[in-house]
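K.L.:
Here you go, final_22.cif (mmCIF, C-alpha atoms and all ligand atoms):
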```cif
data_my_file
#
loop_
_atom_site.group_PDB
_atom_site.id
_atom_site.type_symbol
_atom_site.label_atom_id
_atom_site.label_comp_id
_atom_site.auth_asym_id
_atom_site.auth_seq_id
_atom_site.Cartn_x
_atom_site.Cartn_y
_atom_site.Cartn_z
ATOM 1 C CA MET F 1 92.966 125.739 113.356
ATOM 2 C CA LYS F 2 95.545 123.323 114.689
ATOM 3 C CA SER F 3 94.470 119.735 115.273
ATOM 4 C CA ILE F 4 96.117 116.547 116.419
ATOM 5 C CA VAL F 5 94.802 113.032 115.880
ATOM 6 C CA LEU F 6 96.055 110.317 118.228
ATOM 7 C CA ILE F 7 96.129 106.959 116.459
ATOM 8 C CA LYS F 8 97.193 103.489 117.549
ATOM 9 C CA GLN F 9 98.320 100.405 115.663
ATOM 10 C CA VAL F 10 96.435 97.305 116.831
ATOM 11 C CA LEU F 11 96.162 93.634 115.860
ATOM 12 C CA GLU F 12 93.251 93.271 113.454
ATOM 13 C CA ALA F 13 91.934 90.170 115.217
ATOM 14 C CA PRO F 14 93.585 90.043 118.636
ATOM 15 C CA SER F 15 93.549 86.474 119.922
ATOM 16 C CA ILE F 16 95.234 84.593 122.717
ATOM 17 C CA THR F 17 96.269 81.054 121.831
ATOM 18 C CA GLY F 18 97.417 78.167 124.021
ATOM 19 C CA GLU F 19 96.024 75.361 126.169
ATOM 20 C CA PRO F 20 92.758 76.093 128.053
ATOM 21 C CA GLY F 21 93.578 77.178 131.605
ATOM 22 C CA GLY F 22 97.255 77.608 130.688
ATOM 23 C CA GLU F 23 99.475 80.524 129.806
ATOM 24 C CA GLY F 24 98.405 82.292 126.589
ATOM 25 C CA GLN F 25 100.342 83.881 123.744
ATOM 26 C CA VAL F 26 98.990 86.904 121.870
ATOM 27 C CA GLY F 27 98.431 85.759 118.252
ATOM 28 C CA SER F 28 101.167 87.135 116.026
ATOM 29 C CA ASP F 29 99.785 86.023 112.639
ATOM 30 C CA SER F 30 97.074 88.703 112.799
ATOM 31 C CA GLN F 31 97.648 91.784 110.633
ATOM 32 C CA ARG F 32 98.617 95.074 112.269
ATOM 33 C CA VAL F 33 96.198 97.854 111.316
ATOM 34 C CA THR F 34 95.027 101.312 112.377
ATOM 35 C CA ASN F 35 92.531 101.024 115.238
ATOM 36 C CA ALA F 36 89.077 101.126 113.605
ATOM 37 C CA TYR F 37 87.807 104.093 115.684
ATOM 38 C CA ASP F 38 90.926 106.086 114.782
ATOM 39 C CA HIS F 39 89.927 106.074 111.081
ATOM 40 C CA PHE F 40 86.835 108.055 112.087
ATOM 41 C CA ALA F 41 89.021 110.405 114.163
ATOM 42 C CA ILE F 42 91.409 111.028 111.219
ATOM 43 C CA GLU F 43 88.468 111.711 108.881
ATOM 44 C CA GLU F 44 86.936 114.161 111.379
ATOM 45 C CA GLY F 45 90.292 115.954 111.694
ATOM 46 C CA LEU F 46 90.523 116.273 107.910
ATOM 47 C CA ARG F 47 86.938 117.541 107.601
ATOM 48 C CA THR F 48 87.600 120.131 110.319
ATOM 49 C CA ARG F 49 90.664 121.364 108.407
ATOM 50 C CA GLU F 50 88.647 121.521 105.163
ATOM 51 C CA LYS F 51 86.068 123.744 106.899
ATOM 52 C CA HIS F 52 88.304 125.906 109.096
ATOM 53 C CA GLY F 53 91.789 125.757 107.527
ATOM 54 C CA GLY F 54 94.982 125.029 109.444
ATOM 55 C CA ASP F 55 96.699 121.675 109.752
ATOM 56 C CA VAL F 56 96.317 118.185 111.173
ATOM 57 C CA THR F 57 99.117 116.174 112.788
ATOM 58 C CA ALA F 58 98.826 112.420 113.404
ATOM 59 C CA VAL F 59 100.683 111.112 116.472
ATOM 60 C CA THR F 60 101.261 107.510 117.464
ATOM 61 C CA LEU F 61 103.172 105.843 120.285
ATOM 62 C CA GLY F 62 104.325 102.380 119.327
ATOM 63 C CA PRO F 63 107.113 100.156 118.022
ATOM 64 C CA ASP F 64 108.835 100.453 114.594
ATOM 65 C CA SER F 65 105.835 98.861 112.825
ATOM 66 C CA ALA F 66 103.559 101.679 114.079
ATOM 67 C CA VAL F 67 104.973 103.971 111.380
ATOM 68 C CA GLU F 68 102.578 102.138 109.018
ATOM 69 C CA VAL F 69 99.539 103.795 110.650
ATOM 70 C CA LEU F 70 101.223 107.189 110.263
ATOM 71 C CA ARG F 71 101.877 106.488 106.553
ATOM 72 C CA GLU F 72 98.224 105.559 106.128
ATOM 73 C CA SER F 73 97.075 108.791 107.812
ATOM 74 C CA LEU F 74 99.464 110.797 105.590
ATOM 75 C CA ALA F 75 97.988 109.024 102.542
ATOM 76 C CA MET F 76 94.491 110.005 103.752
ATOM 77 C CA GLY F 77 95.684 113.637 103.909
ATOM 78 C CA VAL F 78 97.095 114.660 107.300
ATOM 79 C CA ASN F 79 99.841 117.310 107.088
ATOM 80 C CA ASN F 80 102.363 115.949 109.581
ATOM 81 C CA ALA F 81 103.178 112.715 111.376
ATOM 82 C CA VAL F 82 104.957 112.154 114.697
ATOM 83 C CA HIS F 83 106.164 108.731 115.865
ATOM 84 C CA LEU F 84 106.829 108.397 119.607
ATOM 85 C CA LYS F 85 109.342 105.591 119.742
ATOM 86 C CA ASP F 86 111.863 104.661 122.408
ATOM 87 C CA PRO F 87 112.801 101.488 124.312
ATOM 88 C CA ALA F 88 111.539 103.383 127.387
ATOM 89 C CA PHE F 89 108.042 103.434 125.785
ATOM 90 C CA ASP F 90 107.825 99.618 125.424
ATOM 91 C CA ASP F 91 105.202 97.885 127.569
ATOM 92 C CA LEU F 92 103.847 101.065 129.163
ATOM 93 C CA ASP F 93 100.465 100.889 130.877
ATOM 94 C CA ALA F 94 97.596 103.205 129.973
ATOM 95 C CA PRO F 95 98.384 106.080 132.429
ATOM 96 C CA ALA F 96 102.025 106.132 131.247
ATOM 97 C CA VAL F 97 101.002 106.094 127.555
ATOM 98 C CA ALA F 98 98.662 109.032 128.270
ATOM 99 C CA ARG F 99 101.476 110.991 129.985
ATOM 100 C CA VAL F 100 103.777 110.542 126.971
ATOM 101 C CA LEU F 101 101.036 111.427 124.464
ATOM 102 C CA ALA F 102 100.155 114.570 126.465
ATOM 103 C CA ALA F 103 103.828 115.593 126.498
ATOM 104 C CA ALA F 104 103.929 115.255 122.700
ATOM 105 C CA VAL F 105 100.766 117.362 122.286
ATOM 106 C CA ARG F 106 102.346 120.009 124.550
ATOM 107 C CA LYS F 107 105.534 119.954 122.493
ATOM 108 C CA ILE F 108 103.573 120.472 119.253
ATOM 109 C CA GLY F 109 101.914 123.411 121.046
ATOM 110 C CA ASP F 110 98.971 125.805 120.486
ATOM 111 C CA VAL F 111 96.566 122.996 119.651
ATOM 112 C CA ASP F 112 92.848 123.795 119.273
ATOM 113 C CA LEU F 113 91.509 120.243 119.025
ATOM 114 C CA VAL F 114 92.802 116.760 119.829
ATOM 115 C CA PHE F 115 90.873 113.896 118.231
ATOM 116 C CA THR F 116 91.009 110.338 119.576
ATOM 117 C CA GLY F 117 89.030 107.189 118.967
ATOM 118 C CA LYS F 118 86.545 106.153 121.651
ATOM 119 C CA LEU F 119 88.604 103.030 122.432
ATOM 120 C CA THR F 120 90.973 100.533 120.888
ATOM 121 C CA ILE F 121 89.861 97.116 119.668
ATOM 122 C CA ASP F 122 92.744 95.304 121.409
ATOM 123 C CA THR F 123 93.238 96.565 124.961
ATOM 124 C CA ASN F 124 90.091 98.765 124.900
ATOM 125 C CA THR F 125 90.455 100.658 128.165
ATOM 126 C CA ALA F 126 88.858 103.826 126.663
ATOM 127 C CA LEU F 127 91.004 105.722 129.187
ATOM 128 C CA THR F 128 93.681 107.249 126.982
ATOM 129 C CA GLY F 129 91.667 110.220 125.673
ATOM 130 C CA PRO F 130 90.267 111.251 129.089
ATOM 131 C CA MET F 131 93.723 110.948 130.721
ATOM 132 C CA VAL F 132 95.433 112.984 127.963
ATOM 133 C CA ALA F 133 92.758 115.713 128.344
ATOM 134 C CA SER F 134 93.303 115.745 132.090
ATOM 135 C CA HIS F 135 97.104 116.119 131.728
ATOM 136 C CA LEU F 136 96.636 118.948 129.232
ATOM 137 C CA GLY F 137 93.902 120.648 131.270
ATOM 138 C CA VAL F 138 91.646 120.956 128.192
ATOM 139 C CA THR F 139 87.905 120.322 127.779
ATOM 140 C CA LEU F 140 86.997 116.641 127.451
ATOM 141 C CA LEU F 141 84.129 115.510 125.223
ATOM 142 C CA THR F 142 83.532 111.752 124.942
ATOM 143 C CA GLU F 143 81.155 109.671 122.772
ATOM 144 C CA VAL F 144 81.122 112.427 120.152
ATOM 145 C CA PHE F 145 78.815 111.459 117.282
ATOM 146 C CA ARG F 146 78.690 114.800 115.450
ATOM 147 C CA VAL F 147 80.557 118.106 115.464
ATOM 148 C CA ASP F 148 77.855 120.747 114.904
ATOM 149 C CA GLU F 149 79.853 123.961 115.099
ATOM 150 C CA ILE F 150 83.299 125.311 115.804
ATOM 151 C CA ASP F 151 83.465 129.013 116.610
ATOM 152 C CA LEU F 152 87.126 129.943 116.447
ATOM 153 C CA GLU F 153 86.546 133.582 117.428
ATOM 154 C CA GLY F 154 84.310 132.734 120.379
ATOM 155 C CA ARG F 155 86.617 129.754 121.178
ATOM 156 C CA THR F 156 83.740 127.265 121.486
ATOM 157 C CA ILE F 157 82.765 123.906 120.001
ATOM 158 C CA THR F 158 79.279 122.362 119.878
ATOM 159 C CA VAL F 159 78.991 118.588 119.564
ATOM 160 C CA GLU F 160 76.397 115.831 119.789
ATOM 161 C CA ARG F 161 77.168 113.040 122.254
ATOM 162 C CA LEU F 162 75.668 109.611 121.778
ATOM 163 C CA LEU F 163 73.828 108.433 124.882
ATOM 164 C CA GLU F 164 71.933 105.229 125.563
ATOM 165 C CA GLY F 165 68.771 105.887 123.550
ATOM 166 C CA GLY F 166 69.401 109.509 122.569
ATOM 167 C CA LEU F 167 71.706 112.401 121.753
ATOM 168 C CA GLU F 168 72.995 115.187 123.987
ATOM 169 C CA ILE F 169 74.062 118.532 122.528
ATOM 170 C CA VAL F 170 76.981 120.098 124.369
ATOM 171 C CA LYS F 171 78.633 123.498 123.879
ATOM 172 C CA ALA F 172 82.112 123.685 125.370
ATOM 173 C CA LYS F 173 85.277 125.755 125.427
ATOM 174 C CA LEU F 174 88.264 125.268 123.128
ATOM 175 C CA PRO F 175 90.883 123.836 123.314
ATOM 176 C CA ALA F 176 89.239 120.441 123.629
ATOM 177 C CA LEU F 177 89.885 116.731 123.253
ATOM 178 C CA ILE F 178 87.101 114.835 121.572
ATOM 179 C CA ALA F 179 86.791 111.050 121.638
ATOM 180 C CA ILE F 180 84.975 109.909 118.526
ATOM 181 C CA THR F 181 82.376 107.129 118.241
ATOM 182 C CA LYS F 182 82.032 104.996 115.133
ATOM 183 C CA ASP F 183 79.837 106.055 112.226
ATOM 184 C CA ILE F 184 80.347 109.793 112.897
ATOM 185 C CA ASN F 185 81.490 109.945 109.251
ATOM 186 C CA GLU F 186 82.596 107.758 106.383
ATOM 187 C CA PRO F 187 86.414 107.656 106.408
ATOM 188 C CA ARG F 188 87.910 108.368 102.988
ATOM 189 C CA TYR F 189 90.110 105.901 101.158
ATOM 190 C CA ALA F 190 93.657 106.996 100.407
ATOM 191 C CA SER F 191 94.225 107.734 96.710
ATOM 192 C CA LEU F 192 97.046 106.022 94.811
ATOM 193 C CA LEU F 193 98.813 109.386 94.558
ATOM 194 C CA GLY F 194 98.315 109.933 98.289
ATOM 195 C CA ILE F 195 99.860 106.526 99.059
ATOM 196 C CA ARG F 196 102.876 107.306 96.839
ATOM 197 C CA LYS F 197 103.411 110.719 98.448
ATOM 198 C CA ALA F 198 102.974 109.300 101.949
ATOM 199 C CA ALA F 199 105.649 106.662 101.334
ATOM 200 C CA LYS F 200 108.227 109.466 100.945
ATOM 201 C CA ALA F 201 106.812 111.991 103.429
ATOM 202 C CA PRO F 202 108.981 112.806 106.464
ATOM 203 C CA VAL F 203 107.926 111.366 109.813
ATOM 204 C CA THR F 204 109.183 113.118 112.958
ATOM 205 C CA VAL F 205 110.502 110.698 115.595
ATOM 206 C CA TRP F 206 110.569 111.735 119.253
ATOM 207 C CA GLY F 207 111.977 109.627 122.073
ATOM 208 C CA ALA F 208 111.938 110.065 125.842
ATOM 209 C CA ALA F 209 114.795 112.584 125.675
ATOM 210 C CA ASP F 210 112.768 114.841 123.339
ATOM 211 C CA LEU F 211 109.798 114.963 125.710
ATOM 212 C CA ASP F 212 109.974 116.220 129.248
ATOM 213 C CA VAL F 213 108.145 113.196 130.642
ATOM 214 C CA GLU F 214 108.547 110.253 132.997
ATOM 215 C CA ALA F 215 107.944 107.081 130.985
ATOM 216 C CA HIS F 216 107.335 104.402 133.574
ATOM 217 C CA SER F 217 104.360 102.225 134.460
ATOM 218 C CA ALA F 218 102.869 101.602 137.875
ATOM 219 C CA THR F 219 101.584 98.218 136.661
ATOM 220 C CA ARG F 220 103.067 95.342 134.680
ATOM 221 C CA VAL F 221 101.338 92.464 132.899
ATOM 222 C CA VAL F 222 103.072 89.379 134.367
ATOM 223 C CA ALA F 223 101.071 86.653 132.581
ATOM 224 C CA LYS F 224 98.141 86.072 130.290
ATOM 225 C CA HIS F 225 95.912 83.031 130.881
ATOM 226 C CA LEU F 226 93.189 81.374 128.902
ATOM 227 C CA PRO F 227 89.915 80.439 130.629
ATOM 228 C CA PRO F 228 89.609 76.740 131.599
ATOM 229 C CA ALA F 229 87.968 74.464 129.004
ATOM 230 C CA ARG F 230 84.190 74.148 129.293
ATOM 231 C CA PRO F 231 82.827 70.690 130.163
ATOM 232 C CA ALA F 232 81.370 68.911 127.131
ATOM 233 C CA GLY F 233 77.582 69.249 126.706
ATOM 234 C CA GLU F 234 75.086 66.354 126.970
ATOM 235 C CA VAL F 235 73.267 65.157 123.837
ATOM 236 C CA PHE F 236 69.860 63.498 124.231
ATOM 237 C CA GLN F 237 68.416 61.230 121.596
ATOM 238 C CA GLY F 238 64.935 59.763 121.276
ATOM 239 C CA GLU F 239 61.334 60.549 120.392
ATOM 240 C CA PRO F 240 60.148 64.196 120.739
ATOM 241 C CA ASP F 241 57.845 63.462 123.739
ATOM 242 C CA GLU F 242 60.645 61.640 125.534
ATOM 243 C CA LEU F 243 63.096 64.473 124.770
ATOM 244 C CA VAL F 244 60.702 67.109 126.123
ATOM 245 C CA ASP F 245 60.289 65.139 129.387
ATOM 246 C CA ARG F 246 64.062 64.743 129.657
ATOM 247 C CA MET F 247 64.624 68.450 129.057
ATOM 248 C CA VAL F 248 62.036 69.467 131.682
ATOM 249 C CA GLU F 249 63.729 67.073 134.136
ATOM 250 C CA LYS F 250 67.123 68.664 133.406
ATOM 251 C CA LEU F 251 65.784 72.180 133.841
ATOM 252 C CA ALA F 252 64.241 71.179 137.184
ATOM 253 C CA GLU F 253 67.516 69.532 138.269
ATOM 254 C CA GLY F 254 69.365 72.769 137.537
ATOM 255 C CA LYS F 255 66.595 74.704 139.409
ATOM 256 C CA PHE F 256 65.863 76.750 136.266
ATOM 257 C CA ILE F 257 62.169 75.915 136.664
HETATM 258 C C1 LIG F 301 103.626 96.090 122.844
HETATM 259 C C2 LIG F 301 102.652 96.497 123.929
HETATM 260 C C3 LIG F 301 102.938 96.183 125.243
HETATM 261 C C4 LIG F 301 102.075 96.562 126.248
HETATM 262 N N1 LIG F 301 102.372 96.257 127.527
HETATM 263 C C5 LIG F 301 101.576 96.645 128.522
HETATM 264 C C6 LIG F 301 101.893 96.405 129.883
HETATM 265 O O1 LIG F 301 102.925 95.820 130.193
HETATM 266 N N2 LIG F 301 101.019 96.815 130.843
HETATM 267 C C7 LIG F 301 99.857 97.424 130.529
HETATM 268 O O2 LIG F 301 99.084 97.777 131.442
HETATM 269 N N3 LIG F 301 99.524 97.693 129.250
HETATM 270 C C8 LIG F 301 100.339 97.316 128.247
HETATM 271 N N4 LIG F 301 100.010 97.577 126.944
HETATM 272 C C9 LIG F 301 98.738 98.230 126.665
HETATM 273 C C10 LIG F 301 98.939 99.729 126.552
HETATM 274 O O3 LIG F 301 99.164 100.293 127.791
HETATM 275 C C11 LIG F 301 97.688 100.305 125.920
HETATM 276 O O4 LIG F 301 97.701 99.899 124.584
HETATM 277 C C12 LIG F 301 97.660 101.826 125.961
HETATM 278 O O5 LIG F 301 97.725 102.284 127.244
HETATM 279 C C13 LIG F 301 96.416 102.427 125.356
HETATM 280 O O6 LIG F 301 95.302 101.898 125.981
HETATM 281 P P1 LIG F 301 94.176 101.288 125.084
HETATM 282 O O7 LIG F 301 94.787 100.531 123.962
HETATM 283 O O8 LIG F 301 93.216 100.569 125.962
HETATM 284 O O9 LIG F 301 93.532 102.584 124.451
HETATM 285 P P2 LIG F 301 92.093 103.277 124.638
HETATM 286 O O10 LIG F 301 92.142 104.157 125.811
HETATM 287 O O11 LIG F 301 90.985 102.281 124.525
HETATM 288 O O12 LIG F 301 92.182 104.132 123.288
HETATM 289 C C14 LIG F 301 91.410 105.311 123.024
HETATM 290 C C15 LIG F 301 92.094 106.131 121.997
HETATM 291 O O13 LIG F 301 93.326 106.662 122.502
HETATM 292 C C16 LIG F 301 94.284 106.809 121.453
HETATM 293 N N5 LIG F 301 95.444 105.950 121.725
HETATM 294 C C17 LIG F 301 95.527 104.861 122.515
HETATM 295 N N6 LIG F 301 96.766 104.362 122.513
HETATM 296 C C18 LIG F 301 97.507 105.155 121.690
HETATM 297 C C19 LIG F 301 98.864 105.133 121.259
HETATM 298 N N7 LIG F 301 99.713 104.201 121.677
HETATM 299 N N8 LIG F 301 99.279 106.101 120.413
HETATM 300 C C20 LIG F 301 98.422 107.067 120.000
HETATM 301 N N9 LIG F 301 97.125 107.115 120.355
HETATM 302 C C21 LIG F 301 96.670 106.177 121.194
HETATM 303 C C22 LIG F 301 93.555 106.376 120.174
HETATM 304 O O14 LIG F 301 92.946 107.498 119.589
HETATM 305 C C23 LIG F 301 92.492 105.420 120.710
HETATM 306 O O15 LIG F 301 91.393 105.277 119.830
HETATM 307 C C24 LIG F 301 100.873 97.233 125.930
HETATM 308 C C25 LIG F 301 100.578 97.554 124.592
HETATM 309 C C26 LIG F 301 101.465 97.199 123.599
HETATM 310 C C27 LIG F 301 101.150 97.569 122.176
#
```
Reformat the file's structure so that it appears as structure tokens.
Ligand SMILES: Cc1cc2nc3c(=O)[nH]c(=O)nc-3n(C[C@H](O)[C@H](O)[C@H](O)COP(=O)(O)OP(=O)(O)OC[C@H]3O[C@@H](n4cnc5c(N)ncnc54)[C@H](O)[C@@H]3O)c2cc1C
P.N.:
Amino acid sequence: MKSIVLIKQVLEAPSITGEPGGEGQVGSDSQRVTNAYDHFAIEEGLRTREKHGGDVTAVTLGPDSAVEVLRESLAMGVNNAVHLKDPAFDDLDAPAVARVLAAAVRKIGDVDLVFTGKLTIDTNTALTGPMVASHLGVTLLTEVFRVDEIDLEGRTITVERLLEGGLEIVKAKLPALIAITKDINEPRYASLLGIRKAAKAPVTVWGAADLDVEAHSATRVVAKHLPPARPAGEVFQGEPDELVDRMVEKLAEGKFI
């Protein structure tokens, strides 16, 4: 059983600072961490290996600092780590990121399952998994809340998908990409020994030249703006009866009643 987990480094508390209505800066004092949903994806990859054997490879596309999320996944127990890093990969939009990730999965080869998070907590498009699956031509399963069965001989997987107000059980063909929802499992903590080993473990680095892929975006973020400041609220003071009358008047003025 060969699995890949796609993980992304994100700002823990992404914030845009600046003057209301003016150009915003993305807060840089926030810590960089593994995307919360990707912890569940790593854990699911590890549990699948524990049940069916094989190996799990963590892959990230990101700047130098992104190696930290790979080290964390190695400390949790993944077998291999691949860092997709190249100046050509800076500032790519979601379709371009998906093309590069799919090229890396192809290069690793013979993959049975690709795990992703449902979305990222910073740019949260929730598009990356579906686009990678489409490039690879593999089965796509989103909102996966439980993996019920993997039949390696029959080449099928059965999962439970979380719907609004219920669960859907789906049997599908392998290979597949599954996008994981939160609370599918309880991600393990890395042991001290695991952290020490991970610090020295090799990390494979692939750039644009290693992957047969076009790394360019069709879109470019040209500015980030903050919403205009809200007008200050009105404060009424007085006796309760007076305040009630005033409030009813205000609601009528605003045509709420
Ligand atoms: C420095 C920087 C500059 C950027 N500049 C631009 C820009 O100019 N224009 C623009 O449109 N966008 C830009 N982005 C956003 C970037 O395109 C998105 O981060 C990326 O496409 C993934 O989309 P998402 O974060 O919404 O992921 P989602 O689709 O919400 O993520 C779902 C899942 O996909 C996987 N995944 C997502 N991203 C990665 C990754 N990088 N590596 C491995 N797995 C991943 C994870 O499993 C994740 O849980 C920039 C991002 C960064 C970090």
K.L.:
List the residues matched by the PyMOL selection byres (((chain F and resi 58) around 6) and not hetatm) in the displayed structure as a list in words, ordered by chain and then by residue number.
P.N.:
Ile4, Val5, Leu6, Thr57, Val59 and Ala81 of chain F
K.L.:
Just say which residues the PyMOL selection byres (((not hetatm)) within 7 of (chain F and resi 301)) picks in this file, as an NGL selection string.
P.N.:
:F and (5-8 or 35 or 37-38 or 59-62 or 90-95 or 97-98 or 101 or 115-120 or 122-129 or 219-221)
K.L.:
Take the PyMOL selection byres (((chain F and resi 172-179) around 6) and not hetatm), run it mentally on this structure, and tell me the resulting residues as a compact mmCIF listing (two decimals) with C-alpha atoms, keeping the file's coordinate frame.
P.N.:
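part34.txt written:
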```txt
# COMPACT_ATOMS: atom_id res chain seq x y z
CA ASP F 112 92.85 123.80 119.27
CA LEU F 113 91.51 120.24 119.02
CA VAL F 114 92.80 116.76 119.83
CA PHE F 115 90.87 113.90 118.23
CA THR F 116 91.01 110.34 119.58
CA GLY F 117 89.03 107.19 118.97
CA LYS F 118 86.54 106.15 121.65
CA ALA F 133 92.76 115.71 128.34
CA VAL F 138 91.65 120.96 128.19
CA THR F 139 87.90 120.32 127.78
CA LEU F 140 87.00 116.64 127.45
CA LEU F 141 84.13 115.51 125.22
CA THR F 142 83.53 111.75 124.94
CA GLU F 143 81.16 109.67 122.77
CA ARG F 155 86.62 129.75 121.18
CA THR F 156 83.74 127.26 121.49
CA ILE F 157 82.76 123.91 120.00
CA LYS F 171 78.63 123.50 123.88
CA ILE F 180 84.98 109.91 118.53
```
K.L.:
Of the residues F:Glu239, F:His135, F:Met76, F:Ala199, which is the one nearest to Arg47 of chain F, using all atoms listed in the file?
P.N.:
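With all atoms listed in the file as the atom set, the closest residue is F:Met76.
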K.L.:
To one decimal in Å, tell me the separation between atom CA of Thr48 of chain F and atom CA of Gly77 of chain F.
P.N.:
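Distance between the two atoms: 12.2 Å.
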K.L.:
Please determine, counting only C-alpha atoms, which residue among F:Asp110, F:Glu242, F:Arg32, F:Ala41 has the shortest atom-to-atom distance to Lys2 of chain F.
P.N.:
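Closest to Lys2 of chain F of all the choices is F:Asp110.
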K.L.:
Tell me, in Å to one decimal, how far atom CA of Asp148 of chain F is from atom CA of Glu43 of chain F.
P.N.:
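So the two atoms, atom CA of Asp148 of chain F and atom CA of Glu43 of chain F, lie 15.2 Å apart.
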K.L.:
Could you model N, CA and C atoms for segment 117-138 of chain F and present them as a short mmCIF file (atom, residue, chain, number, x, y, z; two decimals), in the coordinates of the input?
P.N.:
```cif
data_model
loop_
_atom_site.label_atom_id
_atom_site.label_comp_id
_atom_site.auth_asym_id
_atom_site.auth_seq_id
_atom_site.Cartn_x
_atom_site.Cartn_y
_atom_site.Cartn_z
N GLY F 117 90.13 108.14 119.09
CA GLY F 117 89.03 107.19 118.97
C GLY F 117 88.41 107.02 120.34
N LYS F 118 87.22 106.40 120.37
CA LYS F 118 86.54 106.15 121.65
C LYS F 118 87.33 105.11 122.45
N LEU F 119 87.81 104.07 121.78
CA LEU F 119 88.60 103.03 122.43
C LEU F 119 89.36 102.25 121.38
N THR F 120 90.25 101.37 121.85
CA THR F 120 90.97 100.53 120.89
C THR F 120 90.37 99.13 120.91
N ILE F 121 90.51 98.43 119.76
CA ILE F 121 89.86 97.12 119.67
C ILE F 121 90.71 96.03 120.31
N ASP F 122 91.95 96.35 120.75
CA ASP F 122 92.74 95.30 121.41
C ASP F 122 92.70 95.41 122.93
N THR F 123 93.24 96.51 123.50
CA THR F 123 93.24 96.56 124.96
C THR F 123 92.08 97.40 125.52
N ASN F 124 91.34 98.02 124.64
CA ASN F 124 90.09 98.76 124.90
C ASN F 124 89.80 99.29 126.32
N THR F 125 90.73 100.07 126.85
CA THR F 125 90.46 100.66 128.16
C THR F 125 89.55 101.90 128.04
N ALA F 126 89.59 102.56 126.88
CA ALA F 126 88.86 103.83 126.66
C ALA F 126 89.28 104.90 127.67
N LEU F 127 90.51 104.78 128.18
CA LEU F 127 91.00 105.72 129.19
C LEU F 127 91.95 106.76 128.61
N THR F 128 92.57 106.42 127.47
CA THR F 128 93.68 107.25 126.98
C THR F 128 93.24 108.69 126.73
N GLY F 129 92.14 108.86 125.99
CA GLY F 129 91.67 110.22 125.67
C GLY F 129 91.41 111.02 126.95
N PRO F 130 90.54 110.49 127.86
CA PRO F 130 90.27 111.25 129.09
C PRO F 130 91.54 111.59 129.87
N MET F 131 92.51 110.65 129.94
CA MET F 131 93.72 110.95 130.72
C MET F 131 94.59 112.00 130.03
N VAL F 132 94.66 111.96 128.70
CA VAL F 132 95.43 112.98 127.96
C VAL F 132 94.80 114.36 128.21
N ALA F 133 93.46 114.42 128.12
CA ALA F 133 92.76 115.71 128.34
C ALA F 133 93.06 116.24 129.74
N SER F 134 93.06 115.33 130.71
CA SER F 134 93.30 115.74 132.09
C SER F 134 94.72 116.29 132.25
N HIS F 135 95.72 115.61 131.65
CA HIS F 135 97.10 116.12 131.73
C HIS F 135 97.23 117.49 131.07
N LEU F 136 96.51 117.68 129.97
CA LEU F 136 96.64 118.95 129.23
C LEU F 136 95.78 120.06 129.86
N GLY F 137 94.81 119.66 130.67
CA GLY F 137 93.90 120.65 131.27
C GLY F 137 92.96 121.25 130.24
N VAL F 138 92.57 120.45 129.22
CA VAL F 138 91.65 120.96 128.19
C VAL F 138 90.27 120.30 128.38
#
```
